[in-house]
$ cat start.cif   # mmCIF, C-alpha atoms
data_data
loop_
_atom_site.label_atom_id
_atom_site.label_comp_id
_atom_site.auth_asym_id
_atom_site.auth_seq_id
_atom_site.Cartn_x
_atom_site.Cartn_y
_atom_site.Cartn_z
CA MET W 1 25.44 -82.18 108.40
CA ALA W 2 26.51 -85.76 109.13
CA SER W 3 29.66 -84.44 110.80
CA VAL W 4 27.64 -82.49 113.40
CA ASP W 5 27.05 -84.35 116.65
CA LEU W 6 23.25 -84.61 117.17
CA THR W 7 23.45 -86.61 120.41
CA PRO W 8 20.96 -85.34 123.06
CA ARG W 9 22.68 -83.88 126.12
CA GLN W 10 21.95 -83.09 129.77
CA ALA W 11 22.41 -79.54 131.09
CA ARG W 12 25.47 -78.59 133.18
CA LYS W 13 25.45 -76.50 136.36
CA ALA W 14 26.48 -72.91 135.63
CA TYR W 15 26.13 -71.37 139.09
CA GLY W 16 24.06 -71.64 142.25
CA GLY W 17 23.79 -71.30 146.00
CA ASP W 18 21.46 -72.05 148.90
CA GLY W 19 18.48 -70.57 147.06
CA GLY W 20 18.82 -72.61 143.89
CA THR W 21 20.85 -73.49 140.81
CA TYR W 22 21.05 -72.33 137.19
CA TYR W 23 21.88 -74.96 134.56
CA GLU W 24 22.65 -74.45 130.88
CA TRP W 25 23.44 -76.30 127.70
CA SER W 26 26.68 -75.20 126.07
CA PRO W 27 27.45 -75.22 122.33
CA ALA W 28 30.69 -76.98 123.30
CA ASP W 29 28.60 -79.99 124.39
CA LEU W 30 25.75 -79.59 121.89
CA PRO W 31 27.10 -78.02 118.65
CA MET W 32 23.62 -77.73 117.11
CA LEU W 33 22.88 -74.91 119.57
CA GLU W 34 25.34 -72.57 117.86
CA LEU W 35 24.43 -73.79 114.39
CA ALA W 36 20.71 -73.21 114.98
CA ASN W 37 21.17 -70.06 117.13
CA ILE W 38 19.20 -71.66 119.98
CA GLY W 39 19.80 -71.33 123.72
CA GLY W 40 18.69 -73.71 126.46
CA ALA W 41 18.78 -73.40 130.27
CA LYS W 42 17.03 -74.51 133.46
CA LEU W 43 16.42 -72.70 136.74
CA SER W 44 15.89 -74.76 139.90
CA LEU W 45 14.77 -72.94 143.08
CA ASN W 46 14.68 -74.51 146.54
CA ALA W 47 11.79 -73.83 148.93
CA GLY W 48 11.68 -70.06 149.49
CA GLY W 49 14.33 -69.49 146.82
CA LEU W 50 14.25 -66.26 144.80
CA ALA W 51 15.83 -65.59 141.40
CA LEU W 52 16.47 -61.83 141.47
CA PRO W 53 15.06 -59.56 138.72
CA SER W 54 17.05 -59.91 135.51
CA PHE W 55 16.81 -59.62 131.76
CA SER W 56 18.37 -61.69 129.02
CA ASP W 57 19.95 -60.94 125.68
CA SER W 58 17.51 -63.36 124.01
CA GLY W 59 13.81 -63.95 123.61
CA LYS W 60 12.68 -67.13 125.35
CA VAL W 61 9.85 -69.50 126.06
CA ALA W 62 9.67 -70.46 129.75
CA TYR W 63 8.04 -73.77 130.66
CA VAL W 64 7.44 -74.86 134.26
CA LEU W 65 8.74 -78.42 134.57
CA GLN W 66 7.98 -78.92 138.26
CA GLY W 67 6.46 -77.25 141.29
CA LYS W 68 4.42 -74.12 142.00
CA GLY W 69 5.57 -70.56 142.59
CA THR W 70 5.35 -66.99 141.37
CA CYS W 71 6.84 -65.04 138.50
CA GLY W 72 7.25 -61.25 138.49
CA ILE W 73 7.13 -59.24 135.26
CA VAL W 74 8.07 -55.57 134.70
CA LEU W 75 6.69 -53.85 131.60
CA PRO W 76 8.14 -50.79 129.84
CA GLU W 77 7.62 -47.63 131.90
CA ALA W 78 5.35 -49.59 134.22
CA SER W 79 4.62 -48.13 137.64
CA LYS W 80 4.43 -51.59 139.20
CA GLU W 81 5.13 -55.20 138.37
CA LYS W 82 2.75 -57.99 137.42
CA VAL W 83 2.96 -61.01 139.71
CA ILE W 84 1.68 -64.31 138.29
CA ALA W 85 1.14 -67.65 139.99
CA VAL W 86 2.78 -70.45 137.98
CA LYS W 87 2.60 -74.22 138.25
CA GLU W 88 3.85 -77.33 136.46
CA GLY W 89 2.76 -77.29 132.82
CA ASP W 90 2.46 -73.47 132.50
CA SER W 91 4.28 -71.65 129.70
CA LEU W 92 5.22 -68.03 129.17
CA ALA W 93 6.62 -66.38 126.05
CA LEU W 94 9.29 -63.90 127.15
CA PRO W 95 10.52 -61.70 124.28
CA PHE W 96 13.84 -59.91 124.15
CA GLY W 97 14.22 -57.39 126.96
CA VAL W 98 11.57 -58.68 129.36
CA VAL W 99 12.47 -58.38 133.06
CA THR W 100 11.49 -61.28 135.29
CA TRP W 101 11.99 -62.71 138.75
CA TRP W 102 11.01 -66.17 140.01
CA HIS W 103 10.13 -67.35 143.53
CA ASN W 104 9.44 -70.79 144.99
CA LEU W 105 6.90 -71.02 147.79
CA PRO W 106 8.53 -71.16 151.25
CA GLU W 107 6.36 -74.14 152.21
CA SER W 108 6.98 -76.01 148.96
CA PRO W 109 8.02 -79.67 149.42
CA ILE W 110 9.77 -79.72 146.03
CA GLU W 111 11.96 -77.49 143.88
CA LEU W 112 10.47 -75.07 141.37
CA VAL W 113 12.10 -75.92 138.02
CA ILE W 114 11.73 -73.78 134.87
CA LEU W 115 13.01 -74.60 131.39
CA PHE W 116 14.09 -71.79 129.05
CA LEU W 117 14.43 -72.23 125.27
CA GLY W 118 14.95 -69.35 122.86
CA ASP W 119 16.51 -67.60 119.90
CA THR W 120 20.11 -66.39 120.34
CA SER W 121 20.54 -64.79 116.91
CA LYS W 122 20.95 -61.38 118.61
CA ALA W 123 22.66 -62.70 121.73
CA HIS W 124 26.12 -61.92 123.01
CA LYS W 125 27.11 -65.55 122.36
CA ALA W 126 25.48 -67.69 119.68
CA GLY W 127 23.78 -70.72 121.20
CA GLN W 128 23.92 -69.43 124.79
CA PHE W 129 21.90 -67.03 126.97
CA THR W 130 23.53 -64.16 128.84
CA ASN W 131 21.49 -62.91 131.82
CA MET W 132 21.92 -59.49 133.45
CA GLN W 133 20.78 -58.78 137.02
CA LEU W 134 18.93 -55.50 137.65
CA THR W 135 17.89 -53.20 140.45
CA GLY W 136 15.33 -51.40 138.27
CA ALA W 137 14.43 -52.12 134.65
CA THR W 138 12.09 -52.14 131.69
CA GLY W 139 10.79 -55.02 129.65
CA ILE W 140 8.09 -56.61 127.54
CA PHE W 141 5.85 -59.51 128.50
CA THR W 142 3.49 -61.93 126.78
CA GLY W 143 1.86 -65.08 128.10
CA PHE W 144 1.92 -68.41 126.29
CA SER W 145 -1.83 -69.00 126.55
CA THR W 146 -3.79 -66.77 124.14
CA GLU W 147 -6.69 -66.54 126.61
CA PHE W 148 -4.28 -65.48 129.38
CA VAL W 149 -2.59 -62.88 127.18
CA GLY W 150 -5.86 -61.41 126.01
CA ARG W 151 -7.28 -61.09 129.54
CA ALA W 152 -4.11 -59.83 131.23
CA TRP W 153 -3.12 -57.23 128.64
CA ASP W 154 -6.50 -56.45 127.05
CA LEU W 155 -5.43 -57.82 123.67
CA ALA W 156 -7.72 -59.13 120.97
CA GLU W 157 -7.55 -62.91 120.50
CA SER W 158 -6.05 -62.48 117.02
CA ASP W 159 -3.24 -60.32 118.42
CA ALA W 160 -2.55 -62.77 121.24
CA VAL W 161 -2.26 -65.65 118.78
CA LYS W 162 0.47 -63.80 116.86
CA LEU W 163 2.49 -63.41 120.04
CA VAL W 164 2.42 -66.98 121.27
CA SER W 165 2.44 -69.35 118.21
CA SER W 166 5.61 -71.51 118.53
CA ALA W 167 5.53 -74.15 121.17
CA ASP W 168 4.15 -77.65 121.71
CA LEU W 169 3.72 -80.03 124.67
CA VAL W 170 3.36 -83.72 123.82
CA ARG W 171 2.93 -86.87 125.90
CA ILE W 172 2.69 -90.37 124.43
CA ASP W 173 1.92 -93.58 126.30
CA GLY W 174 4.24 -96.53 126.74
CA ASN W 175 5.51 -98.05 123.48
CA SER W 176 3.51 -95.55 121.41
CA MET W 177 4.96 -93.76 118.39
CA CYS W 178 4.92 -90.20 117.04
CA SER W 179 4.59 -90.19 113.25
CA PRO W 180 7.68 -89.30 111.18
CA GLY W 181 7.48 -85.58 110.41
CA PHE W 182 9.50 -82.64 109.15
CA SER W 183 9.46 -78.83 109.07
CA CYS W 184 8.61 -77.52 105.61
CA ASP W 185 9.98 -74.02 106.15
CA SER W 186 13.65 -74.60 107.02
CA ALA W 187 13.05 -74.18 110.76
CA TYR W 188 14.85 -76.03 113.54
CA GLN W 189 12.85 -78.10 116.03
CA VAL W 190 14.16 -77.84 119.61
CA THR W 191 12.92 -80.52 122.02
CA TYR W 192 13.37 -80.95 125.77
CA PHE W 193 12.39 -84.38 127.09
CA ILE W 194 10.55 -83.78 130.37
CA ARG W 195 10.13 -87.33 131.64
CA GLY W 196 10.10 -90.93 130.49
CA SER W 197 12.40 -92.42 127.88
CA GLY W 198 12.36 -93.71 124.33
CA ARG W 199 14.08 -93.96 120.99
CA VAL W 200 14.58 -91.22 118.39
CA GLN W 201 15.55 -91.56 114.74
CA VAL W 202 16.44 -88.70 112.39
CA VAL W 203 16.81 -89.05 108.62
CA GLY W 204 18.63 -86.40 106.60
CA ALA W 205 17.75 -84.78 103.29
CA ASP W 206 19.87 -87.35 101.48
CA GLY W 207 17.74 -90.20 102.84
CA LYS W 208 20.44 -91.45 105.20
CA ARG W 209 19.85 -92.01 108.92
CA VAL W 210 21.88 -89.41 110.83
CA LEU W 211 20.76 -90.33 114.34
CA ASP W 212 19.38 -93.40 116.09
CA THR W 213 19.60 -92.96 119.84
CA HIS W 214 17.95 -93.45 123.22
CA VAL W 215 16.62 -90.38 125.05
CA GLU W 216 15.46 -89.75 128.62
CA GLY W 217 14.08 -86.98 130.80
CA GLY W 218 16.46 -84.01 130.99
CA ASN W 219 17.88 -84.42 127.47
CA LEU W 220 17.86 -81.48 125.04
CA PHE W 221 17.68 -82.37 121.37
CA ILE W 222 17.72 -80.27 118.16
CA VAL W 223 16.47 -81.53 114.79
CA PRO W 224 18.37 -79.97 111.84
CA ARG W 225 16.49 -78.23 109.06
CA PHE W 226 14.74 -80.41 106.45
CA CYS W 227 15.32 -83.57 108.48
CA VAL W 228 12.58 -86.10 109.29
CA VAL W 229 12.22 -87.15 112.94
CA SER W 230 10.22 -89.85 114.69
CA LYS W 231 9.98 -90.97 118.33
CA ILE W 232 8.93 -94.22 120.02
CA ALA W 233 8.33 -94.31 123.77
CA ASP W 234 9.65 -96.98 126.10
CA ALA W 235 7.22 -98.76 128.42
CA SER W 236 7.19 -95.78 130.80
CA GLY W 237 5.96 -93.37 128.08
CA LEU W 238 7.59 -90.16 126.89
CA GLN W 239 6.78 -86.47 127.38
CA TRP W 240 8.46 -83.53 125.67
CA PHE W 241 8.22 -79.76 125.15
CA SER W 242 9.22 -78.34 121.75
CA ILE W 243 9.62 -75.04 120.02
CA ILE W 244 10.11 -74.48 116.28
CA THR W 245 12.25 -71.55 115.14
CA ALA W 246 9.65 -69.96 112.87
CA PRO W 247 6.81 -67.55 113.69
CA ASN W 248 4.25 -69.67 111.81
CA PRO W 249 5.78 -73.13 111.55
CA ILE W 250 4.62 -75.56 108.86
CA PHE W 251 5.06 -79.18 109.89
CA SER W 252 4.17 -82.19 107.72
CA HIS W 253 3.73 -85.82 108.74
CA LEU W 254 4.37 -88.90 106.63
CA ALA W 255 1.85 -91.18 108.37
CA GLY W 256 -1.57 -90.88 109.97
CA LYS W 257 -4.75 -89.00 109.05
CA THR W 258 -2.83 -85.95 107.78
CA SER W 259 -0.11 -87.89 105.95
CA VAL W 260 1.05 -86.33 102.69
CA TRP W 261 0.86 -89.81 101.13
CA LYS W 262 -2.95 -89.68 101.35
CA ALA W 263 -3.07 -86.81 98.85
CA ILE W 264 -0.85 -88.51 96.27
CA SER W 265 -2.49 -90.53 93.51
CA PRO W 266 -2.20 -94.36 93.55
CA GLU W 267 -0.34 -94.35 90.24
CA VAL W 268 2.34 -92.00 91.57
CA LEU W 269 2.73 -94.06 94.75
CA GLU W 270 3.10 -97.27 92.73
CA ALA W 271 5.79 -95.69 90.56
CA SER W 272 7.54 -94.07 93.51
CA PHE W 273 7.86 -97.31 95.47
CA ASN W 274 8.01 -99.62 92.45
CA ALA W 275 5.08 -101.45 94.04
CA THR W 276 2.14 -103.44 92.71
CA PRO W 277 -1.39 -101.98 92.90
CA GLU W 278 -2.14 -104.48 95.68
CA MET W 279 0.82 -103.27 97.74
CA GLU W 280 -0.17 -99.64 97.14
CA LYS W 281 -3.67 -100.33 98.47
CA LEU W 282 -2.21 -102.04 101.54
CA PHE W 283 0.15 -99.12 102.16
CA ARG W 284 -2.60 -96.52 101.76
CA SER W 285 -5.06 -98.43 103.97
CA LYS W 286 -2.81 -98.30 107.03
CA ARG W 287 -3.22 -95.56 109.68
CA LEU W 288 -6.02 -93.82 107.76
CA ASP W 289 -8.01 -93.01 110.89
CA SER W 290 -5.11 -92.39 113.25
CA GLU W 291 -3.84 -88.92 114.02
CA ILE W 292 -0.04 -88.58 114.31
CA PHE W 293 0.35 -90.71 117.45
CA PHE W 294 0.15 -94.47 117.13
CA ALA W 295 -0.59 -96.93 119.94
CA PRO W 296 1.60 -100.03 120.30
CA ASN W 297 0.91 -102.90 117.91
#

$ encode --input "start.cif" --output "structure tokens"
Amino acid sequence: MASVDLTPRQARKAYGGDGGTYYEWSPADLPMLELANIGGAKLSLNAGGLALPSFSDSGKVAYVLQGKGTCGIVLPEASKEKVIAVKEGDSLALPFGVVTWWHNLPESPIELVILFLGDTSKAHKAGQFTNMQLTGATGIFTGFSTEFVGRAWDLAESDAVKLVSSADLVRIDGNSMCSPGFSCDSAYQVTYFIRGSGRVQVVGADGKRVLDTHVEGGNLFIVPRFCVVSKIADASGLQWFSIITAPNPIFSHLAGKTSVWKAISPEVLEASFNATPEMEKLFRSKRLDSEIFFAPN
């Protein structure tokens, strides 16, 4: 794993015109995409811009990074489309085969920007989305919010939860820290940094640091399986959107109120760290009441 380049990367322009631009991350620039079977792309639409109806070879999560607009959805054998107003911060889960179009408001003062992250295990190219334009099509749609899904498609809450469990939006203040954590079920964690900047460290299964780097808004970053990751924001703070490649991800933290260390007996901690009882008590007493985000010292 140490030989794989984990450096976060910016997206490259794939194509575009007067209406907008489509950007994507390539496995050639970010090898972890192909290794993890993950695709990443961004759509930017100018005022009045329209992304024509299309479907992809991969299931995706769409997250609105900026602006307001509309999204059109076509369901299987549907007699008409569903048109949904979207705004910054909204998320939609778009499974394989869903047909969508996107439109920025003609009077919009800013671009409408949408991030796409998804599984490419069944895609034409591993680690990369392939989009097909349509004149008429079929598809499947689910919304990210369980309340939205249940109301729009008359689904029970329990059914909606099953459809939308694998995404996370996090914002930490300046100089704050996100507790070191890891996926327990061999999943990859895919993170897009929305805004701000900070520092990221990743430690591998062998206990060696495999990445220590600075990140900023626009970077895409993938944490390998069984690795521990932690983030510290710069003075401007840090915001990111993540998905984990498992239907019911299990994520453990090594510090804070839910730290696994809290459940381990003092005697085992003392032996594990070769520490005195006094040092064990000091270690255990820290961050007991904090969640997984720590304010600056």

$ resolve_selection --input "start.cif" --expression "the PyMOL selection byres ((chain W and resi 59-66) around 6)" --output "ChimeraX atom specification"
/W:58,67,88-96,112-119

$ atom_distance --input "start.cif" --atom1 "CA of Ser121 (chain W)" --atom2 "CA of Ala36 (chain W)"
8.6 Å

$ atom_distance --input "start.cif" --atom1 "CA of Gly218 (chain W)" --atom2 "CA of Glu111 (chain W)"
15.1 Å

$ resolve_selection --input "start.cif" --expression "the PyMOL selection byres ((chain W and resi 56) around 6)" --output "list in words"
Phe55, Asp57, Ser58, Thr130 and Asn131 of chain W

$ resolve_selection --input "start.cif" --expression "the PyMOL selection byres ((chain W and resi 195) around 7)" --output "count of residues only"
8

$ atom_distance --input "start.cif" --atom1 "CA of Ala123 (chain W)" --atom2 "CA of Ala28 (chain W)"
16.5 Å

$ residues_near_point --input "start.cif" --point "(22.3, -91.1, 118.0)" --cutoff "10 Å" --atoms "only C-alpha atoms" --output "count of residues only"
15

$ residues_around --input "start.cif" --residues "Gly207 (chain W)" --least-positions-apart "4" --cutoff "10 Å" --atoms "all atoms listed in the file" --output "ChimeraX atom specification"
/W:202-203,227-228
